[in-house]
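All remarks here apply to the structure that follows.
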Amino acid sequence: MSGDDVDLTPAEGKPIGRRIVLGMAGAGAVAVVLGKQLTSVTSSAVGAVAPQIQSVIPATGGFRIYTVTNGYPEMTTTDYRLTITSGANVTTLTFNDLAALPQTSMTKDFQCVTGWRVDNVAWSGVLLRDIITAFELAQNGTALSFTSFDGAYTESLTMEQAMRPDVLVATSMLGGPISQEHGGPVRLVVAPMYAYKSIKWLDGIKATPAVEPGYWELRGYDTDAWVGKSNGRSDAPVV
Amino acid sequence: MGAAMPLSSDTRLRRFTTAEHWIHRLIAIDIGLLIVTAAFLYIPDLSSRVGNRYFFKMSHVILGFALPIPVILAFCFLAFRLDVRRLNRFTRVDWEWMRSKDRRTGRLAVGKFNAGQKLNAAFQFGAIIVMFVTGAFLWFNGLVSIDLRTGFTFVHDWLALLMTVVVIGHVYKAYREPYARQGLRTGFVPRDWAMREHRGWAEAMTDTASDSAKEG
């Protein structure tokens, strides 16, 4: 006879352990269903009590900062250059060159494919459409590819998508300069698509003969990343 | 504290099997790495410093989907199933133990596990199930609507925080109790320690040991 057989605790006492496990599973399921409301409750509660720790407390809303490389790349507006390749023509714009182009402002929701969303973010800068027209990019390709001075991230848009009036080469966010972590000094904002299309730290725009899938698109994400109509998601469209 | 003394066969009791030792170790490593990779993905100060989001994301996903393997493996062993059965049941002694202020004196005939260990085990088992299910839905995100997905994120995030706090408490308790750690590491604990902390179990084991000796 083994020790374990003899040492069997009689099945006395209440099965509290099982009740805890089942209770947690039940509470978890309820919290999943109510999660959307609970998220806004915790978000406003934490925001009211301790806004400075909001970013490290789970699911309290606001931006989450993602980077695919080692930290955030650093760039001053003085050193900043945007290289535009249109066929054989290569043009380099400074931050001041961008500021001299016609300026457009828009306020749009920012929806990440991982689920978080920030309502009513104010952006301003140059409409990508105006850059396409000024540098005749549409005459030299059917798509655009974008590069980042983080050295790794890339993105793409069809020319038709890039001509939309809600696609901006942004130089300002929420009334101020775009901070380093938000992709400053210049980033793309593709408002109707999930945020991975809005490449941060933009340093290159190139006309290409066909769409060249970007960083996350090579890792399984949809290239046409319409909010609510891609990546298996059905989010409400951004406004 | 310090290292526990080696024990001779008549002053020690077998507390865990070799299988339980390895299963505990596998689960501890997996959950430990899940917490570390989660921190690199989640805490802005850390994620911005290390970047490499794709690596940490895939590591976290693989570790998460691997977690049921040692758990299911554990249930293949009788010794583990018997311990689960002990952990599940709250006896009169457990309720008394929770109220008492002299729980370490051996006055109460505490079984193989005390009420705190039982609560911890139940919480962690429930947490593993909820974290696995919510995590799986976050990975296969095409299966659910955005509202539910927000809910899965909410539960996964908050329970991760709670679970981390409980794990830290668990490690702290183990750090304070070298004989309990010795029990998991070597399989054996000193009988006099067991008489103080788990008298009910120690007495039952002593009876069993003498029975086995006669049989042997």
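As shown in the structure tokens, the chain order sets the letters A, B, ...; within each chain, residues go from 1, and ligands are also counted from 1 in the order they appear.
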Residue contacts of Gly106 of chain B (10 Å, only C-alpha atoms) excluding same-chain residues fewer than 5 positions away, as a PyMOL selection string: chain B and resi 192-200
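If we count only C-alpha atoms, these residues of chain B sit within 6 Å of chain A: B:Ile43, B:Ser48, B:Arg49, B:Val50, B:Gly51, B:Asn52, B:Arg53, B:Asn88, B:Arg89, B:Phe90, B:Thr91, B:Ala122, B:Gly126, B:Gly142, B:Ile146, B:Asp147, B:Leu148, B:Thr150, B:Gly151, B:Phe152, B:Phe154, B:Asp157, B:Trp158.
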Secondary structure check, helix (DSSP H, G or I) residues of segment 9-201 of chain B, as JSON, numbers by chain: {"B": [9, 10, 11, 18, 19, 20, 21, 22, 23, 24, 25, 26, 27, 28, 29, 30, 31, 32, 33, 34, 35, 36, 37, 38, 39, 40, 41, 42, 44, 45, 46, 47, 48, 49, 50, 53, 54, 55, 56, 57, 58, 59, 60, 61, 62, 63, 64, 65, 66, 68, 69, 70, 71, 72, 73, 74, 75, 78, 79, 80, 81, 82, 83, 84, 85, 86, 87, 88, 92, 93, 94, 95, 96, 97, 98, 99, 115, 116, 117, 118, 119, 120, 121, 122, 123, 124, 125, 126, 127, 128, 129, 130, 131, 132, 133, 134, 135, 136, 137, 138, 139, 141, 142, 143, 146, 147, 148, 149, 150, 151, 152, 153, 154, 155, 156, 157, 158, 159, 160, 161, 162, 163, 164, 165, 166, 167, 168, 169, 170, 171, 172, 173, 174, 175, 176, 178, 179, 180, 181, 182, 183, 184, 185, 186, 191, 192, 193, 194, 195, 196, 197, 199, 200, 201]}
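Restricting the calculation to only C-alpha atoms, the smallest distance between Gln124 of chain B and any of B:Ala39, B:Met205, B:Met58, B:Leu159 is found for B:Leu159.
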Every residue of segment 77-237 of chain A that DSSP places in strand (DSSP E), as a VMD selection string: chain A and resid 81 to 86 89 to 94 104 to 111 117 to 127 143 to 148 154 to 158 167 to 173 176 to 177 187 to 190 202 to 208
Non-local contacts of Thr164 of chain B (8 Å; only C-alpha atoms; under 4 positions in same chain excluded) as a ChimeraX atom specification: /B:35,160,168
Close residues, segment 123-140 of chain A itself excluded, 8 Å, only C-alpha atoms, min 2 positions apart in chain, as a ChimeraX atom specification: /A:84-87,98-99,101-108,121,142-143,159,162-175,206-209
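Using only C-alpha atoms, the shortest contact distance between Glu177 of chain B and any of B:Arg191, B:Arg86, B:Arg104, B:His21 is found at B:Arg104.
If only C-alpha atoms are the atoms counted, then among A:Gln111, A:Ser156, A:Thr83, A:Thr76 the closest residue to Ala191 of chain A is A:Gln111.
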